[in-house]
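Raw contents of query.cif, mmCIF, C-alpha atoms:
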```cif
data_upload
#
loop_
_atom_site.label_atom_id
_atom_site.label_comp_id
_atom_site.auth_asym_id
_atom_site.auth_seq_id
_atom_site.Cartn_x
_atom_site.Cartn_y
_atom_site.Cartn_z
CA MET A 1 -47.66 -82.63 51.90
CA GLY A 2 -48.46 -86.28 51.21
CA GLU A 3 -51.81 -86.68 49.49
CA ALA A 4 -53.19 -83.81 47.43
CA PRO A 5 -55.17 -81.27 49.48
CA ILE A 6 -58.94 -81.09 49.19
CA VAL A 7 -58.99 -77.26 49.11
CA SER A 8 -56.69 -74.87 47.29
CA ILE A 9 -56.84 -71.30 48.58
CA ILE A 10 -55.71 -68.90 45.85
CA MET A 11 -54.55 -65.48 47.06
CA PRO A 12 -53.06 -62.55 45.14
CA VAL A 13 -50.78 -60.45 47.34
CA LYS A 14 -49.75 -56.85 46.78
CA ASN A 15 -48.45 -54.64 49.59
CA ALA A 16 -50.50 -56.39 52.27
CA GLY A 17 -47.69 -56.54 54.83
CA LYS A 18 -49.68 -54.63 57.41
CA TYR A 19 -52.43 -57.25 57.45
CA ILE A 20 -51.14 -60.51 56.00
CA GLU A 21 -49.88 -62.10 59.19
CA GLU A 22 -53.37 -61.93 60.69
CA CYS A 23 -54.77 -63.36 57.47
CA LEU A 24 -52.33 -66.28 57.46
CA ARG A 25 -52.89 -67.08 61.14
CA ALA A 26 -56.63 -67.27 60.53
CA ILE A 27 -56.07 -69.73 57.67
CA GLN A 28 -53.84 -71.88 59.86
CA CYS A 29 -56.51 -71.91 62.59
CA GLN A 30 -59.17 -73.40 60.29
CA THR A 31 -61.02 -76.37 61.77
CA PHE A 32 -60.59 -78.05 58.37
CA SER A 33 -56.88 -78.69 57.83
CA PHE A 34 -56.64 -80.32 54.39
CA TRP A 35 -55.81 -77.21 52.43
CA GLU A 36 -52.99 -75.58 50.51
CA LEU A 37 -52.48 -71.85 50.23
CA ILE A 38 -51.13 -70.60 46.91
CA ALA A 39 -50.01 -67.02 47.40
CA VAL A 40 -48.93 -65.04 44.34
CA ILE A 41 -46.85 -61.92 44.90
CA ASP A 42 -48.07 -59.25 42.49
CA HIS A 43 -45.08 -56.87 42.41
CA SER A 44 -45.25 -55.97 46.09
CA THR A 45 -42.84 -53.36 47.35
CA ASP A 46 -43.35 -54.00 51.06
CA GLN A 47 -42.50 -56.91 53.38
CA SER A 48 -45.39 -59.16 52.25
CA GLU A 49 -43.11 -61.71 50.59
CA GLU A 50 -40.79 -61.98 53.60
CA ILE A 51 -43.71 -62.55 55.95
CA ILE A 52 -45.09 -65.36 53.77
CA LYS A 53 -41.66 -66.98 53.53
CA ALA A 54 -41.41 -67.00 57.31
CA PHE A 55 -44.75 -68.82 57.51
CA GLN A 56 -43.56 -71.31 54.88
CA LEU A 57 -40.76 -72.42 57.19
CA GLU A 58 -43.29 -73.70 59.71
CA ASP A 59 -46.09 -74.78 57.37
CA GLN A 60 -45.50 -76.75 54.16
CA ARG A 61 -49.08 -76.17 53.04
CA ILE A 62 -48.15 -72.60 52.11
CA GLN A 63 -46.72 -72.04 48.64
CA LEU A 64 -45.40 -68.82 47.14
CA PHE A 65 -45.12 -67.72 43.51
CA GLN A 66 -44.23 -64.54 41.66
CA ASN A 67 -46.61 -62.91 39.20
CA LYS A 68 -44.54 -62.36 36.04
CA ALA A 69 -47.40 -60.39 34.51
CA LYS A 70 -49.11 -57.61 36.46
CA GLY A 71 -52.49 -57.45 38.14
CA ILE A 72 -55.02 -59.58 39.98
CA ILE A 73 -56.24 -61.49 36.93
CA PRO A 74 -52.87 -63.04 35.91
CA ALA A 75 -52.09 -63.63 39.60
CA LEU A 76 -55.31 -65.65 39.97
CA GLN A 77 -54.64 -67.51 36.72
CA LEU A 78 -51.16 -68.48 37.90
CA ALA A 79 -52.50 -69.61 41.28
CA LEU A 80 -55.17 -71.78 39.66
CA LYS A 81 -52.57 -73.36 37.38
CA GLN A 82 -50.58 -74.42 40.46
CA ALA A 83 -53.61 -75.60 42.46
CA LYS A 84 -53.90 -79.30 43.30
CA GLY A 85 -57.12 -79.19 45.32
CA GLN A 86 -60.46 -80.67 44.45
CA TYR A 87 -62.11 -77.42 45.51
CA ILE A 88 -60.94 -73.85 44.95
CA THR A 89 -61.60 -70.86 47.16
CA ARG A 90 -60.22 -67.34 46.93
CA MET A 91 -58.86 -65.20 49.74
CA ASP A 92 -57.53 -61.66 49.88
CA ALA A 93 -54.43 -60.99 51.93
CA ASP A 94 -56.00 -58.23 54.02
CA ASP A 95 -59.09 -60.18 55.10
CA ILE A 96 -59.80 -62.84 57.72
CA MET A 97 -61.42 -66.28 57.51
CA PRO A 98 -63.68 -67.26 60.40
CA LYS A 99 -62.25 -70.51 61.77
CA ASP A 100 -65.04 -72.77 60.43
CA ARG A 101 -65.26 -71.31 56.92
CA LEU A 102 -63.46 -74.09 55.04
CA GLN A 103 -65.25 -76.80 57.02
CA LEU A 104 -68.68 -75.35 56.24
CA MET A 105 -67.92 -74.76 52.58
CA VAL A 106 -66.40 -78.21 52.03
CA GLU A 107 -69.39 -79.90 53.69
CA ALA A 108 -71.71 -77.96 51.38
CA MET A 109 -69.65 -78.80 48.31
CA HIS A 110 -69.59 -82.53 49.12
CA SER A 111 -73.36 -82.77 48.67
CA ALA A 112 -73.71 -80.16 45.92
CA ALA A 113 -74.46 -80.84 42.27
CA PRO A 114 -71.91 -80.00 39.55
CA LYS A 115 -71.75 -76.31 38.65
CA THR A 116 -72.40 -75.08 42.19
CA VAL A 117 -70.79 -72.12 43.91
CA VAL A 118 -70.94 -72.00 47.72
CA THR A 119 -70.95 -68.68 49.53
CA GLY A 120 -71.85 -67.31 52.95
CA LYS A 121 -72.43 -64.04 54.74
CA VAL A 122 -69.91 -61.23 55.13
CA LYS A 123 -69.04 -58.78 57.87
CA TYR A 124 -67.01 -55.64 57.32
CA PHE A 125 -64.57 -54.49 59.98
CA SER A 126 -62.06 -51.66 60.22
CA GLU A 127 -59.57 -49.99 62.50
CA SER A 128 -61.82 -46.96 62.14
CA GLU A 129 -65.53 -46.70 61.40
CA VAL A 130 -66.92 -48.68 58.46
CA SER A 131 -68.64 -46.32 56.02
CA ASP A 132 -72.38 -46.42 55.48
CA GLY A 133 -71.86 -47.42 51.84
CA TYR A 134 -69.91 -50.55 52.77
CA LEU A 135 -72.40 -51.43 55.50
CA ASP A 136 -75.22 -51.11 52.99
CA TYR A 137 -73.40 -53.47 50.63
CA GLN A 138 -72.73 -55.92 53.48
CA ASN A 139 -76.40 -55.97 54.41
CA TRP A 140 -77.47 -56.27 50.78
CA LEU A 141 -75.16 -59.26 50.22
CA ASN A 142 -76.43 -60.92 53.38
CA ASP A 143 -80.02 -60.32 52.25
CA ARG A 144 -79.19 -62.26 49.08
CA ILE A 145 -78.10 -65.17 51.29
CA ASP A 146 -81.35 -65.02 53.27
CA GLN A 147 -83.55 -64.63 50.19
CA GLN A 148 -81.51 -66.98 47.95
CA ASP A 149 -82.23 -64.73 44.98
CA HIS A 150 -78.73 -63.94 43.70
CA TRP A 151 -79.45 -64.21 39.99
CA GLN A 152 -82.48 -61.90 40.16
CA TRP A 153 -80.13 -59.12 41.32
CA ILE A 154 -77.17 -59.95 39.05
CA TYR A 155 -77.20 -56.56 37.29
CA ARG A 156 -77.48 -54.51 40.47
CA GLU A 157 -74.17 -55.32 42.19
CA CYS A 158 -71.64 -58.14 42.36
CA VAL A 159 -73.84 -60.66 44.17
CA ILE A 160 -71.02 -62.84 45.55
CA ALA A 161 -68.13 -61.29 47.49
CA SER A 162 -64.83 -61.89 45.68
CA PRO A 163 -62.94 -63.59 48.58
CA ASN A 164 -65.96 -65.58 49.77
CA TRP A 165 -66.76 -68.51 47.49
CA MET A 166 -65.85 -72.14 46.79
CA VAL A 167 -66.26 -74.15 43.57
CA ARG A 168 -64.96 -77.39 42.13
CA LYS A 169 -61.69 -76.94 40.31
CA GLU A 170 -63.06 -78.36 37.05
CA ASP A 171 -65.90 -75.81 37.15
CA LEU A 172 -63.66 -72.75 37.52
CA ASN A 173 -62.70 -70.82 34.40
CA LEU A 174 -60.38 -67.83 34.86
CA SER A 175 -59.01 -67.72 31.32
CA ASN A 176 -61.12 -64.90 29.87
CA LEU A 177 -61.63 -62.57 32.82
CA GLU A 178 -61.77 -58.81 32.46
CA TYR A 179 -61.85 -56.15 35.18
CA PRO A 180 -63.63 -55.88 37.54
CA GLU A 181 -62.68 -59.55 37.65
CA ASP A 182 -64.82 -60.57 40.63
CA TYR A 183 -68.01 -59.37 38.91
CA ASP A 184 -66.96 -60.88 35.57
CA LEU A 185 -66.41 -64.26 37.25
CA VAL A 186 -69.88 -64.14 38.80
CA PHE A 187 -71.34 -63.39 35.37
CA ASP A 188 -69.54 -66.48 34.05
CA TRP A 189 -71.27 -68.60 36.70
CA TYR A 190 -74.61 -66.97 35.88
CA ALA A 191 -74.17 -67.55 32.14
CA ARG A 192 -73.29 -71.21 32.69
CA GLY A 193 -76.30 -71.87 34.90
CA PHE A 194 -74.54 -72.35 38.24
CA LYS A 195 -76.56 -72.94 41.37
CA VAL A 196 -75.68 -70.73 44.36
CA GLU A 197 -75.53 -72.77 47.57
CA THR A 198 -75.79 -70.48 50.58
CA LEU A 199 -74.50 -70.68 54.14
CA ALA A 200 -76.23 -68.76 56.91
CA ALA A 201 -72.92 -68.34 58.75
CA THR A 202 -70.49 -65.46 58.28
CA THR A 203 -67.66 -66.87 56.16
CA LEU A 204 -65.69 -63.67 55.47
CA LEU A 205 -64.46 -60.90 57.73
CA TRP A 206 -63.92 -58.17 55.12
CA ARG A 207 -61.42 -55.50 56.07
CA GLU A 208 -62.22 -51.92 55.10
CA HIS A 209 -59.16 -49.68 54.81
CA PRO A 210 -57.99 -46.77 52.60
CA GLU A 211 -55.43 -48.82 50.62
CA ARG A 212 -57.92 -51.35 49.25
CA THR A 213 -57.55 -51.94 45.52
CA SER A 214 -61.28 -51.48 44.99
CA ARG A 215 -60.96 -47.97 46.40
CA ASN A 216 -57.97 -46.89 44.35
CA SER A 217 -58.10 -48.55 40.93
CA GLU A 218 -60.15 -47.28 38.00
CA ASN A 219 -60.91 -50.96 37.27
CA TYR A 220 -63.39 -50.90 40.16
CA GLN A 221 -65.09 -47.55 39.64
CA GLN A 222 -68.78 -47.23 38.82
CA GLU A 223 -68.30 -46.76 35.07
CA ALA A 224 -66.26 -49.99 34.82
CA PHE A 225 -69.01 -51.90 36.62
CA PHE A 226 -71.74 -50.41 34.43
CA ARG A 227 -69.89 -51.19 31.20
CA LEU A 228 -69.40 -54.78 32.32
CA LYS A 229 -72.94 -55.37 33.57
CA LEU A 230 -74.61 -53.86 30.49
CA LYS A 231 -72.29 -55.80 28.19
CA HIS A 232 -73.42 -59.00 29.89
CA PHE A 233 -77.08 -57.98 29.94
CA LEU A 234 -77.00 -57.40 26.19
CA SER A 235 -75.41 -60.80 25.58
CA LEU A 236 -77.29 -62.85 28.19
CA ASP A 237 -80.78 -61.45 28.77
CA TYR A 238 -81.57 -58.83 26.12
CA THR A 239 -84.05 -60.25 23.62
CA GLU A 240 -84.41 -57.24 21.28
CA LYS A 241 -87.88 -56.59 22.64
CA PRO A 242 -88.60 -52.90 23.33
CA LEU A 243 -86.13 -51.81 26.03
CA VAL A 244 -87.16 -49.29 28.67
CA LEU A 245 -84.63 -47.44 30.82
CA TRP A 246 -86.10 -45.99 34.01
CA GLY A 247 -84.24 -43.18 35.79
CA THR A 248 -82.34 -40.03 34.75
CA GLY A 249 -79.89 -39.69 37.62
CA VAL A 250 -76.16 -40.37 37.41
CA LYS A 251 -76.67 -44.10 36.89
CA GLY A 252 -79.44 -43.58 34.37
CA LYS A 253 -77.32 -41.22 32.27
CA LEU A 254 -74.37 -43.60 32.43
CA ALA A 255 -76.58 -46.50 31.33
CA ALA A 256 -78.02 -44.39 28.50
CA SER A 257 -74.53 -43.49 27.30
CA ILE A 258 -73.45 -47.14 27.22
CA LEU A 259 -76.62 -48.26 25.43
CA LEU A 260 -76.10 -45.58 22.80
CA ALA A 261 -72.50 -46.73 22.34
CA HIS A 262 -73.85 -50.24 21.62
CA ASN A 263 -76.42 -48.82 19.17
CA ILE A 264 -79.28 -50.09 21.32
CA ASP A 265 -82.60 -48.29 20.98
CA PHE A 266 -84.41 -47.64 24.24
CA ILE A 267 -87.34 -45.70 25.65
CA TRP A 268 -86.30 -43.44 28.53
CA MET A 269 -88.66 -42.86 31.44
CA ASP A 270 -88.74 -41.17 34.80
CA LEU A 271 -91.28 -39.72 37.22
CA ASN A 272 -91.81 -36.73 34.94
CA THR A 273 -91.28 -35.82 31.30
CA ASP A 274 -87.95 -34.21 30.44
CA THR A 275 -85.21 -34.00 27.83
CA GLN A 276 -81.67 -35.25 28.44
CA THR A 277 -78.51 -34.67 26.45
CA VAL A 278 -76.32 -37.76 26.17
CA GLU A 279 -73.40 -38.13 23.78
CA ASP A 280 -74.52 -34.87 22.09
CA LYS A 281 -77.97 -36.32 21.44
CA GLN A 282 -81.21 -34.83 22.71
CA LEU A 283 -83.30 -37.68 24.10
CA PRO A 284 -86.90 -37.40 25.26
CA VAL A 285 -87.78 -38.70 28.72
CA HIS A 286 -91.35 -39.92 29.12
CA LYS A 287 -93.42 -40.14 32.27
CA PHE A 288 -93.17 -43.64 33.71
CA THR A 289 -96.86 -44.39 33.20
CA LYS A 290 -96.18 -44.56 29.45
CA ILE A 291 -94.88 -48.04 30.22
CA GLU A 292 -98.51 -49.18 30.40
CA GLN A 293 -98.86 -48.44 26.69
CA ILE A 294 -96.02 -50.80 25.71
CA SER A 295 -96.46 -54.53 25.42
CA ASP A 296 -93.87 -57.28 25.82
CA PHE A 297 -90.88 -55.15 26.85
CA GLN A 298 -87.79 -55.39 29.04
CA LEU A 299 -87.08 -52.87 31.78
CA LEU A 300 -83.80 -51.67 33.29
CA ILE A 301 -84.28 -49.66 36.48
CA ALA A 302 -81.39 -47.28 37.14
CA VAL A 303 -82.75 -46.00 40.46
CA TYR A 304 -82.78 -47.61 43.89
CA PRO A 305 -85.49 -46.08 46.08
CA SER A 306 -86.07 -46.26 49.81
CA GLU A 307 -87.59 -49.42 51.26
CA GLU A 308 -91.10 -47.92 51.31
CA GLU A 309 -90.78 -46.60 47.75
CA MET A 310 -89.29 -49.93 46.65
CA GLN A 311 -92.37 -51.76 47.89
CA SER A 312 -94.62 -49.32 46.04
CA LEU A 313 -92.56 -49.72 42.86
CA THR A 314 -92.56 -53.52 43.14
CA ASN A 315 -96.33 -53.55 43.67
CA TYR A 316 -96.79 -51.39 40.59
CA LEU A 317 -94.63 -53.63 38.41
CA THR A 318 -96.37 -56.73 39.78
CA SER A 319 -99.71 -55.19 38.82
CA LEU A 320 -98.35 -55.04 35.26
CA LYS A 321 -97.58 -58.78 35.54
CA LEU A 322 -93.82 -58.16 35.45
CA THR A 323 -91.39 -60.47 37.28
CA HIS A 324 -88.08 -59.36 38.79
CA GLY A 325 -85.18 -61.11 37.07
CA LYS A 326 -87.34 -62.06 34.09
CA HIS A 327 -88.94 -58.86 32.80
CA TYR A 328 -87.11 -56.19 34.79
CA TRP A 329 -83.76 -55.75 36.51
CA PHE A 330 -82.25 -53.16 38.84
CA LEU A 331 -78.98 -51.55 37.76
#
```
In structure tokens, what does this structure look like?
Amino acid sequence: MGEAPIVSIIMPVKNAGKYIEECLRAIQCQTFSFWELIAVIDHSTDQSEEIIKAFQLEDQRIQLFQNKAKGIIPALQLALKQAKGQYITRMDADDIMPKDRLQLMVEAMHSAAPKTVVTGKVKYFSESEVSDGYLDYQNWLNDRIDQQDHWQWIYRECVIASPNWMVRKEDLNLSNLEYPEDYDLVFDWYARGFKVETLAATTLLWREHPERTSRNSENYQQEAFFRLKLKHFLSLDYTEKPLVLWGTGVKGKLAASILLAHNIDFIWMDLNTDTQTVEDKQLPVHKFTKIEQISDFQLLIAVYPSEEEMQSLTNYLTSLKLTHGKHYWFL
């Protein structure tokens, strides 16, 4: 390959044979050509490995390794260990890079300060119809790009799409990841004070299909996300001030259960008074206006209302001199 590449693309691969050729072609068609692809086969049982080997014959920038352990995390760790690039980006074998992605990200990285992660917009696509849930997430992620407010929403969802970022190699730490690994990595950047540099362009075409790992592994179900996000909230932003939990729906009950497991006292609120049973404990639920009687508190909101209701809620919290991302967070 001559001189070391500027970008290392790290890509776990498991049973992606149906899609990987399209993925590889899109990488080869990048307007920025100084890259290496480090693909790690994670115990695939289909033709993924053979397809990559065929591409290797015509393109020396493509490298292939076997994951001796099992799972995405050790596959990513192995790929990073082999990477020679100044910058690291991740790709998934069933997705597609728009042709100018690497060029745009490298240009942004060149002028960025240390501890910067670059990301752009996403667009879901599918052989069938993309579900409303995925479209909502797509639009929410793209709103974060437009608003440049990623860290305010860190406890709501994973604010940076897993195959859609670039960082300097020396700034990337994959050694202590836990599942869901994409969210855990974003929390690492948040904890270390990274700046998020945004691109207005779409830099990931995100394939929606029934075999996606995020659809089929318990590592990516709602409870796993809630346990991770509340673990990080308690270590990063919780100050042991009075903690208020707002909402008694599925997410509110899950959050209450996790807080109880961590022996965290909280005041539970909703639109009306009630009593909820969680972990065999009867817990009172107060009407939300009780919040006006508490001073210097932190608020976790385990509901996500309609746009009109959201504006009303935000106005109410602003009237209490509360700031999103400082005094209250959406779960």
Picked residues, the PyMOL selection byres ((chain A and resi 128) around 12), expected as a PyMOL selection string
chain A and resi 124-127+129-131+207-210
Compile the contact shell of Ile145 in chain A as a compact mmCIF listing (two decimals) with C-alpha atoms, in the frame of the given file: residues with an atom at most 8 Å away, counting only C-alpha atoms, same-chain residues fewer than 4 positions apart removed.
```
# COMPACT_ATOMS: atom_id res chain seq x y z
CA GLY A 120 -71.85 -67.31 52.95
CA LYS A 121 -72.43 -64.04 54.74
CA LEU A 141 -75.16 -59.26 50.22
CA ASP A 149 -82.23 -64.73 44.98
CA HIS A 150 -78.73 -63.94 43.70
CA THR A 198 -75.79 -70.48 50.58
CA LEU A 199 -74.50 -70.68 54.14
CA ALA A 200 -76.23 -68.76 56.91
```
I need the residue set behind the PyMOL selection byres ((chain A and resi 231-235) around 12) for this file; please write it as a ChimeraX atom specification.
/A:153-156,178,183-191,224-230,236-241,243,255,258-259,261-265,298-300,325-326,328-331
Given the PyMOL selection byres ((chain A and resi 15) around 10) and the file above, list the residues it selects as a ChimeraX atom specification.
/A:13-14,16-20,41-49,93-94,211
Around all the atoms of range 224-236 of chain A listed in the file, with 8 Å of room on each side, what axis-aligned box do you get, giving centre and edge lengths in Å to one decimal, as JSON?
```
{"center_x": -71.8, "center_y": -56.4, "center_z": 31.1, "size_x": 27.0, "size_y": 28.9, "size_z": 27.0}
```
When you look at Pro284 in chain A with a cut-off of 8 Å (counting all atoms listed in the file), what residues show up, excluding the ones that are within fewer than 4 positions of it in the same chain? I need them as a ChimeraX atom specification.
/A:268,273-276
Using all atoms listed in the file, which residues sit within 12 Å of Asn272 in chain A once same-chain residues fewer than 5 positions away are excluded, as a PDB file with C-alpha atoms, in the frame of the given file?
```pdb
ATOM      1  CA  TRP A 246     -86.100 -45.990  34.010  1.00  0.00           C
ATOM      2  CA  GLY A 247     -84.240 -43.180  35.790  1.00  0.00           C
ATOM      3  CA  THR A 248     -82.340 -40.030  34.750  1.00  0.00           C
ATOM      4  CA  PRO A 284     -86.900 -37.400  25.260  1.00  0.00           C
ATOM      5  CA  VAL A 285     -87.780 -38.700  28.720  1.00  0.00           C
ATOM      6  CA  HIS A 286     -91.350 -39.920  29.120  1.00  0.00           C
ATOM      7  CA  LYS A 287     -93.420 -40.140  32.270  1.00  0.00           C
ATOM      8  CA  PHE A 288     -93.170 -43.640  33.710  1.00  0.00           C
ATOM      9  CA  THR A 289     -96.860 -44.390  33.200  1.00  0.00           C
ATOM     10  CA  LYS A 290     -96.180 -44.560  29.450  1.00  0.00           C
TER      11      LYS A 290
END
```
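Our summary of the geometry notes that CA of Ile291 in chain A is positioned 8.0 Å from CA of Val244 in chain A.
One finds CA of Thr203 in chain A at 29.2 Å from CA of Pro305 in chain A.
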A straight line from CA of Val7 in chain A to CA of Gln152 in chain A spans 29.5 Å
Which one of A:Trp165, A:Phe297, A:Tyr179, A:Trp206 sits closest to Leu104 in chain A if you count only C-alpha atoms?
A:Trp165
Near range 61-70 of chain A, within 8 Å and counting all atoms listed in the file, which residues show up once chain neighbours fewer than 4 positions away are dropped, as a ChimeraX atom specification?
/A:1,35-43,52-53,55-56,74-75,78-79
Expected file content for range 246-255 of chain A, all heavy atoms, as an mmCIF file, in the first residue's frame:
```
data_model
loop_
_atom_site.group_PDB
_atom_site.id
_atom_site.type_symbol
_atom_site.label_atom_id
_atom_site.label_comp_id
_atom_site.auth_asym_id
_atom_site.auth_seq_id
_atom_site.Cartn_x
_atom_site.Cartn_y
_atom_site.Cartn_z
ATOM 1 N N TRP A 246 -40.179 11.410 36.278
ATOM 2 C CA TRP A 246 -41.476 11.857 35.763
ATOM 3 C C TRP A 246 -41.956 10.841 34.727
ATOM 4 O O TRP A 246 -41.312 10.639 33.705
ATOM 5 C CB TRP A 246 -41.313 13.224 35.136
ATOM 6 C CG TRP A 246 -42.579 13.965 34.839
ATOM 7 C CD1 TRP A 246 -43.804 13.447 34.591
ATOM 8 C CD2 TRP A 246 -42.720 15.378 34.745
ATOM 9 N NE1 TRP A 246 -44.705 14.438 34.350
ATOM 10 C CE2 TRP A 246 -44.076 15.634 34.439
ATOM 11 C CE3 TRP A 246 -41.838 16.446 34.881
ATOM 12 C CZ2 TRP A 246 -44.567 16.930 34.266
ATOM 13 C CZ3 TRP A 246 -42.326 17.735 34.704
ATOM 14 C CH2 TRP A 246 -43.679 17.975 34.402
ATOM 15 N N GLY A 247 -43.092 10.195 34.993
ATOM 16 C CA GLY A 247 -43.689 9.257 34.055
ATOM 17 C C GLY A 247 -43.831 7.871 34.644
ATOM 18 O O GLY A 247 -42.893 7.341 35.239
ATOM 19 N N THR A 248 -45.009 7.252 34.462
ATOM 20 C CA THR A 248 -45.275 5.924 35.021
ATOM 21 C C THR A 248 -45.609 4.896 33.950
ATOM 22 O O THR A 248 -46.158 3.848 34.243
ATOM 23 C CB THR A 248 -46.432 5.989 36.029
ATOM 24 O OG1 THR A 248 -47.594 6.544 35.385
ATOM 25 C CG2 THR A 248 -46.060 6.830 37.236
ATOM 26 N N GLY A 249 -45.283 5.192 32.706
ATOM 27 C CA GLY A 249 -45.473 4.218 31.636
ATOM 28 C C GLY A 249 -44.405 3.139 31.685
ATOM 29 O O GLY A 249 -43.702 2.966 32.684
ATOM 30 N N VAL A 250 -44.260 2.411 30.582
ATOM 31 C CA VAL A 250 -43.295 1.314 30.524
ATOM 32 C C VAL A 250 -41.885 1.808 30.838
ATOM 33 O O VAL A 250 -41.150 1.209 31.640
ATOM 34 C CB VAL A 250 -43.329 0.633 29.131
ATOM 35 C CG1 VAL A 250 -42.207 -0.386 29.011
ATOM 36 C CG2 VAL A 250 -44.685 -0.021 28.902
ATOM 37 N N LYS A 251 -41.494 2.921 30.236
ATOM 38 C CA LYS A 251 -40.145 3.439 30.453
ATOM 39 C C LYS A 251 -39.966 3.952 31.877
ATOM 40 O O LYS A 251 -38.904 3.799 32.481
ATOM 41 C CB LYS A 251 -39.828 4.542 29.433
ATOM 42 C CG LYS A 251 -39.729 4.035 28.009
ATOM 43 C CD LYS A 251 -39.364 5.143 27.035
ATOM 44 C CE LYS A 251 -39.206 4.614 25.620
ATOM 45 N NZ LYS A 251 -38.836 5.674 24.662
ATOM 46 N N GLY A 252 -41.009 4.586 32.417
ATOM 47 C CA GLY A 252 -40.932 5.073 33.783
ATOM 48 C C GLY A 252 -40.773 3.946 34.781
ATOM 49 O O GLY A 252 -39.963 4.029 35.718
ATOM 50 N N LYS A 253 -41.520 2.865 34.595
ATOM 51 C CA LYS A 253 -41.424 1.721 35.500
ATOM 52 C C LYS A 253 -40.062 1.041 35.380
ATOM 53 O O LYS A 253 -39.495 0.590 36.379
ATOM 54 C CB LYS A 253 -42.547 0.728 35.205
ATOM 55 C CG LYS A 253 -43.921 1.251 35.579
ATOM 56 C CD LYS A 253 -45.022 0.262 35.192
ATOM 57 C CE LYS A 253 -46.394 0.826 35.542
ATOM 58 N NZ LYS A 253 -47.488 -0.074 35.106
ATOM 59 N N LEU A 254 -39.556 0.956 34.164
ATOM 60 C CA LEU A 254 -38.230 0.365 33.972
ATOM 61 C C LEU A 254 -37.165 1.219 34.651
ATOM 62 O O LEU A 254 -36.274 0.699 35.339
ATOM 63 C CB LEU A 254 -37.936 0.220 32.479
ATOM 64 C CG LEU A 254 -36.578 -0.380 32.083
ATOM 65 C CD1 LEU A 254 -36.362 -1.731 32.749
ATOM 66 C CD2 LEU A 254 -36.489 -0.512 30.562
ATOM 67 N N ALA A 255 -37.255 2.536 34.486
ATOM 68 C CA ALA A 255 -36.301 3.434 35.137
ATOM 69 C C ALA A 255 -36.403 3.311 36.657
ATOM 70 O O ALA A 255 -35.381 3.275 37.358
ATOM 71 C CB ALA A 255 -36.555 4.873 34.699
#
```
